[in-house]
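**Student:** Attaching a single structure in C-alpha cells format; questions to follow.
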Amino acid sequence: MRAKPVVIGVAGGSGSGKTSVTKAIYDRFQGHSILMIEQDSYYRDQSHLPFEERLLTNYDHPLAFDNDLLIDHLEQLINYIPINKPVYDYSLHTRSNEVIRVEPKDVIILEGILVLEDERLRDLMDIKLFVDTDADLRIIRRIQRDIQERGRSIDSVIDQYIHVVRPMHNQFIEPTKRYADVIIPEGGQNYVAIDLMVTKIQTILEQKSFL
C-alpha cells in the first residue's frame with residue numbers, strides 16, 4: 001500500500017514571508033513529487049451576493065474561507081486522487097468559473113494566513129509551521145505589494161491595515177502560533193530554519209521510501 005503523502009502547513013500574518021518560506025522549500029525539492037496549495041484559492045463563492053456586498057468581504061476572517069471544500073480536496077490528494085482547485089477572481093470578489101487540475105504528489109504544502117485555525121485542517125498535517133515576523137515589517141511589505149502589484153493608494157492600504165488586517169491578525173492569526181511545531185522568525189530570510197525544514201522533510205520522505 002502506498003504511504004500517505006507528507007502534508008506541511010505554513011501559516012503566518014499577511015506580509016510575514018510565509019509565501020517566501022513555502023517557495024524556498026518547494027524549490028529545494030524541484031524534480032521530486034511536491035505541490036503547493038494556497039488557502040487563498042478557497043475563498044468562498046459569493047456569486048449569489050450583489051457586487052456591493054462582495055466589496056465588503058473581510059478576507060482576513062476565518063469565515064471568508066470554504067474550509068469544507070479545502071478539507072475535501074486535501075483528503076482526496078492524500079488518497080492520491082486528483083482535484084480541480086478553484087480559482088478566485090479578485091476583480092469580481094467571487095470564485096471564477098475556471099479550475100486548475102492538480103495531480104497528487106508525495107509532498108503537499110498548504111500555505112495561508114489561517115491554515116492552522118481549523119482543527120480539521122491541522123489534523124491532516126504532518127508538520128505545522130508559523131512564520132513569525134514583526135508587525136512593522138509586515139505592514140511595510142503589505143504596502144509595497146499592494147501599491148506595486150494591485151495599484152492601491154498608500155492611504156487605502158493603511159486604512160485597511162488599521163481597521164481590518166491588524167485586528168483580524170490579533171484575534172485569529174496570532175493565536176494559531178501555539179499550534180505550530182516550528183516557529184520561523186523573519187520568513188524567507190531565515191535560511192537556517194528553511195535548511196532545517198528541508199532536512200526534516202527529506203528524512204520523512206526517505207522513511208517513506210519516496211526518494
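Chain labels run A, B, ... following the order of the C-alpha cells; each chain numbers its residues from 1, and ligands are numbered from 1 in the order shown.
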When you look at segment 194-209 of chain A with a cut-off of 8 Å (counting only C-alpha atoms), what residues show up, excluding the ones that are within fewer than 2 positions of it in the same chain? I need them as a PyMOL selection string.
**Tutor:** chain A and resi 3+6+21+24-25+28+188+190-192+211
**Student:** So which residues of segment 5-146 of chain A fall under strand (DSSP E) by DSSP, listed as a ChimeraX atom specification?
**Tutor:** /A:6-12,34-38,83-89,94-102,107-111,127-132
**Student:** Of the candidates A:Val107, A:Val99, A:Ile127, A:Ala135, which one gets nearest to Gly15 of chain A if we count only C-alpha atoms?
**Tutor:**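 Of A:Val107, A:Val99, A:Ile127, A:Ala135, the one nearest Gly15 of chain A, counting only C-alpha atoms, is A:Ala135.
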**Student:** Listing only residues of segment 96-119 of chain A within 10 Å of segment 69-74 of chain A, what is the closest atom pair and its distance in Å (to one decimal) for each, using only C-alpha atoms, sorted by chain and residue number ascending, as a tab-separated table?
**Tutor:**
residue	atom	partner	partner_atom	distance
A:Val102	CA	A:His73	CA	9.8
A:Pro104	CA	A:Leu74	CA	9.5
A:Ile108	CA	A:Leu74	CA	8.7
A:Leu110	CA	A:Leu74	CA	9.1
A:Asp118	CA	A:Ile71	CA	9.8
**Student:** A:Asp40, A:Asp27, A:Glu75, A:Asp89: which is nearest Ala11 of chain A, counting only C-alpha atoms?
**Tutor:**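 Nearest candidate to Ala11 of chain A out of A:Asp40, A:Asp27, A:Glu75, A:Asp89: A:Asp40.
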**Student:** Just checking: using only C-alpha atoms, which residue out of A:Arg141, A:Arg101, A:Arg44, A:Arg178 ends up closest to Arg122 of chain A?
**Tutor:** A:Arg178
**Student:** With only C-alpha atoms as the basis for distance, which of A:Asp45, A:Asp181, A:Asp134, A:Asp60 is at the shortest distance from His163 of chain A?
**Tutor:**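 Of A:Asp45, A:Asp181, A:Asp134, A:Asp60, the one nearest His163 of chain A, counting only C-alpha atoms, is A:Asp60.
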**Student:** Taking into account only C-alpha atoms, which residue in the set A:Gln46, A:His93, A:Ala193, A:Phe130 is nearest to Gly112 of chain A?
**Tutor:** A:Phe130
**Student:** Pick from A:Asp106, A:Asp159, A:Glu53, A:Glu119: nearest to Phe29 of chain A, with only C-alpha atoms counted?
**Tutor:**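 Result for the nearest residue to Phe29 of chain A: A:Asp106.
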**Student:** Could you give me the residues within segment 35-91 of chain A that DSSP places in helix (DSSP H, G or I), as an MDAnalysis selection string?
**Tutor:** chainID A and resid 39:42 51:54 62:64 67:78
**Student:** Which neighbours of Leu77 of chain A fall inside 8 Å, counting only C-alpha atoms, when residues of the same chain fewer than 4 positions from it are skipped, and could you give them as a tab-separated table (two decimals) with C-alpha atoms, in the first residue's frame?
**Tutor:**
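Contents of result11.tsv, as written:
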chain	number	residue	atom	x	y	z
A	73	HIS	CA	-9.67	18.37	-1.62
A	81	ILE	CA	-6.99	11.39	-6.15
A	82	PRO	CA	-6.66	14.45	-8.47
A	83	ILE	CA	-8.67	17.59	-7.70
A	103	GLU	CA	-2.39	15.90	-9.60
A	104	PRO	CA	-1.48	14.18	-6.31
A	105	LYS	CA	2.11	14.37	-5.07
**Student:** Please indicate the distance in Å from atom CA of Thr94 of chain A to atom CA of Ile37 of chain A, rounded to one decimal place.
**Tutor:**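 About the pair atom CA of Thr94 of chain A and atom CA of Ile37 of chain A: they are 18.4 Å apart.
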**Student:** So how far away is atom CA of Ser91 of chain A from atom CA of Gly151 of chain A, in Å?
**Tutor:** 12.4 Å
**Student:** At a cut-off of 10 Å, using only C-alpha atoms, what residues contact Phe65 of chain A? Leave out same-chain residues fewer than 6 positions from it and give the result as an NGL selection string.
**Tutor:** :A and (39-45 or 59 or 114-115)
**Student:** Could you save those same residues with all heavy atoms as a compact mmCIF listing (two decimals), in the first residue's frame?
**Tutor:**
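As a result, selection24.txt now contains:
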# COMPACT_ATOMS: atom_id res chain seq x y z
N GLN A 39 -4.27 28.64 0.40
CA GLN A 39 -5.59 28.79 1.03
C GLN A 39 -6.41 29.88 0.34
O GLN A 39 -7.65 29.80 0.29
CB GLN A 39 -5.42 29.12 2.51
CG GLN A 39 -6.73 29.09 3.30
CD GLN A 39 -6.54 29.47 4.75
OE1 GLN A 39 -5.61 30.21 5.10
NE2 GLN A 39 -7.41 29.00 5.62
N ASP A 40 -5.74 30.88 -0.24
CA ASP A 40 -6.44 31.97 -0.93
C ASP A 40 -7.30 31.46 -2.08
O ASP A 40 -8.24 32.15 -2.49
CB ASP A 40 -5.43 32.99 -1.47
CG ASP A 40 -4.81 33.83 -0.36
OD1 ASP A 40 -5.15 33.60 0.82
OD2 ASP A 40 -3.99 34.70 -0.67
N SER A 41 -6.98 30.30 -2.62
CA SER A 41 -7.79 29.74 -3.70
C SER A 41 -9.16 29.31 -3.21
O SER A 41 -10.08 29.09 -4.02
CB SER A 41 -7.08 28.53 -4.34
OG SER A 41 -5.85 28.91 -4.91
N TYR A 42 -9.30 29.19 -1.91
CA TYR A 42 -10.53 28.63 -1.33
C TYR A 42 -11.38 29.67 -0.61
O TYR A 42 -12.12 29.33 0.30
CB TYR A 42 -10.18 27.47 -0.40
CG TYR A 42 -9.69 26.27 -1.18
CD1 TYR A 42 -8.36 26.17 -1.58
CD2 TYR A 42 -10.57 25.26 -1.56
CE1 TYR A 42 -7.92 25.08 -2.33
CE2 TYR A 42 -10.14 24.18 -2.31
CZ TYR A 42 -8.81 24.10 -2.69
OH TYR A 42 -8.39 23.03 -3.43
N TYR A 43 -11.28 30.94 -1.05
CA TYR A 43 -12.26 31.91 -0.57
C TYR A 43 -13.64 31.48 -1.06
O TYR A 43 -13.78 30.89 -2.13
CB TYR A 43 -11.94 33.31 -1.11
CG TYR A 43 -10.82 34.00 -0.36
CD1 TYR A 43 -9.68 34.44 -1.02
CD2 TYR A 43 -10.92 34.23 1.01
CE1 TYR A 43 -8.66 35.08 -0.33
CE2 TYR A 43 -9.90 34.87 1.70
CZ TYR A 43 -8.78 35.29 1.03
OH TYR A 43 -7.77 35.91 1.71
N ARG A 44 -14.64 31.78 -0.27
CA ARG A 44 -15.99 31.31 -0.58
C ARG A 44 -16.53 31.90 -1.88
O ARG A 44 -16.24 33.04 -2.24
CB ARG A 44 -16.95 31.68 0.56
CG ARG A 44 -16.70 30.92 1.84
CD ARG A 44 -17.78 31.21 2.88
NE ARG A 44 -17.50 30.49 4.11
CZ ARG A 44 -17.81 29.22 4.32
NH1 ARG A 44 -18.43 28.53 3.38
NH2 ARG A 44 -17.51 28.63 5.47
N ASP A 45 -17.33 31.10 -2.57
CA ASP A 45 -18.05 31.59 -3.73
C ASP A 45 -19.10 32.60 -3.25
O ASP A 45 -19.86 32.32 -2.31
CB ASP A 45 -18.73 30.43 -4.46
CG ASP A 45 -19.49 30.92 -5.67
OD1 ASP A 45 -18.85 31.23 -6.69
OD2 ASP A 45 -20.74 30.99 -5.60
N TYR A 59 -11.48 39.51 4.01
CA TYR A 59 -10.69 38.36 3.58
C TYR A 59 -9.74 37.84 4.66
O TYR A 59 -9.06 36.83 4.44
CB TYR A 59 -9.89 38.72 2.33
CG TYR A 59 -10.74 38.85 1.09
CD1 TYR A 59 -10.96 40.09 0.49
CD2 TYR A 59 -11.33 37.74 0.51
CE1 TYR A 59 -11.74 40.22 -0.64
CE2 TYR A 59 -12.12 37.84 -0.63
CZ TYR A 59 -12.32 39.09 -1.20
OH TYR A 59 -13.10 39.20 -2.32
N LEU A 114 -4.54 31.44 7.64
CA LEU A 114 -5.35 30.78 8.67
C LEU A 114 -5.38 29.26 8.53
O LEU A 114 -6.33 28.62 8.97
CB LEU A 114 -6.78 31.35 8.65
CG LEU A 114 -6.91 32.76 9.23
CD1 LEU A 114 -8.25 33.38 8.84
CD2 LEU A 114 -6.78 32.73 10.75
N VAL A 115 -4.34 28.68 7.95
CA VAL A 115 -4.37 27.22 7.76
C VAL A 115 -4.27 26.46 9.08
O VAL A 115 -4.61 25.27 9.14
CB VAL A 115 -3.26 26.74 6.79
CG1 VAL A 115 -3.48 27.30 5.40
CG2 VAL A 115 -1.87 27.08 7.30
**Student:** Leaving out Gly13 of chain A and any residue of its chain fewer than 2 positions from it, which residues lie within 7 Å of it when counting only C-alpha atoms, given as a VMD selection string?
**Tutor:** chain A and resid 15 to 16 113 169 173
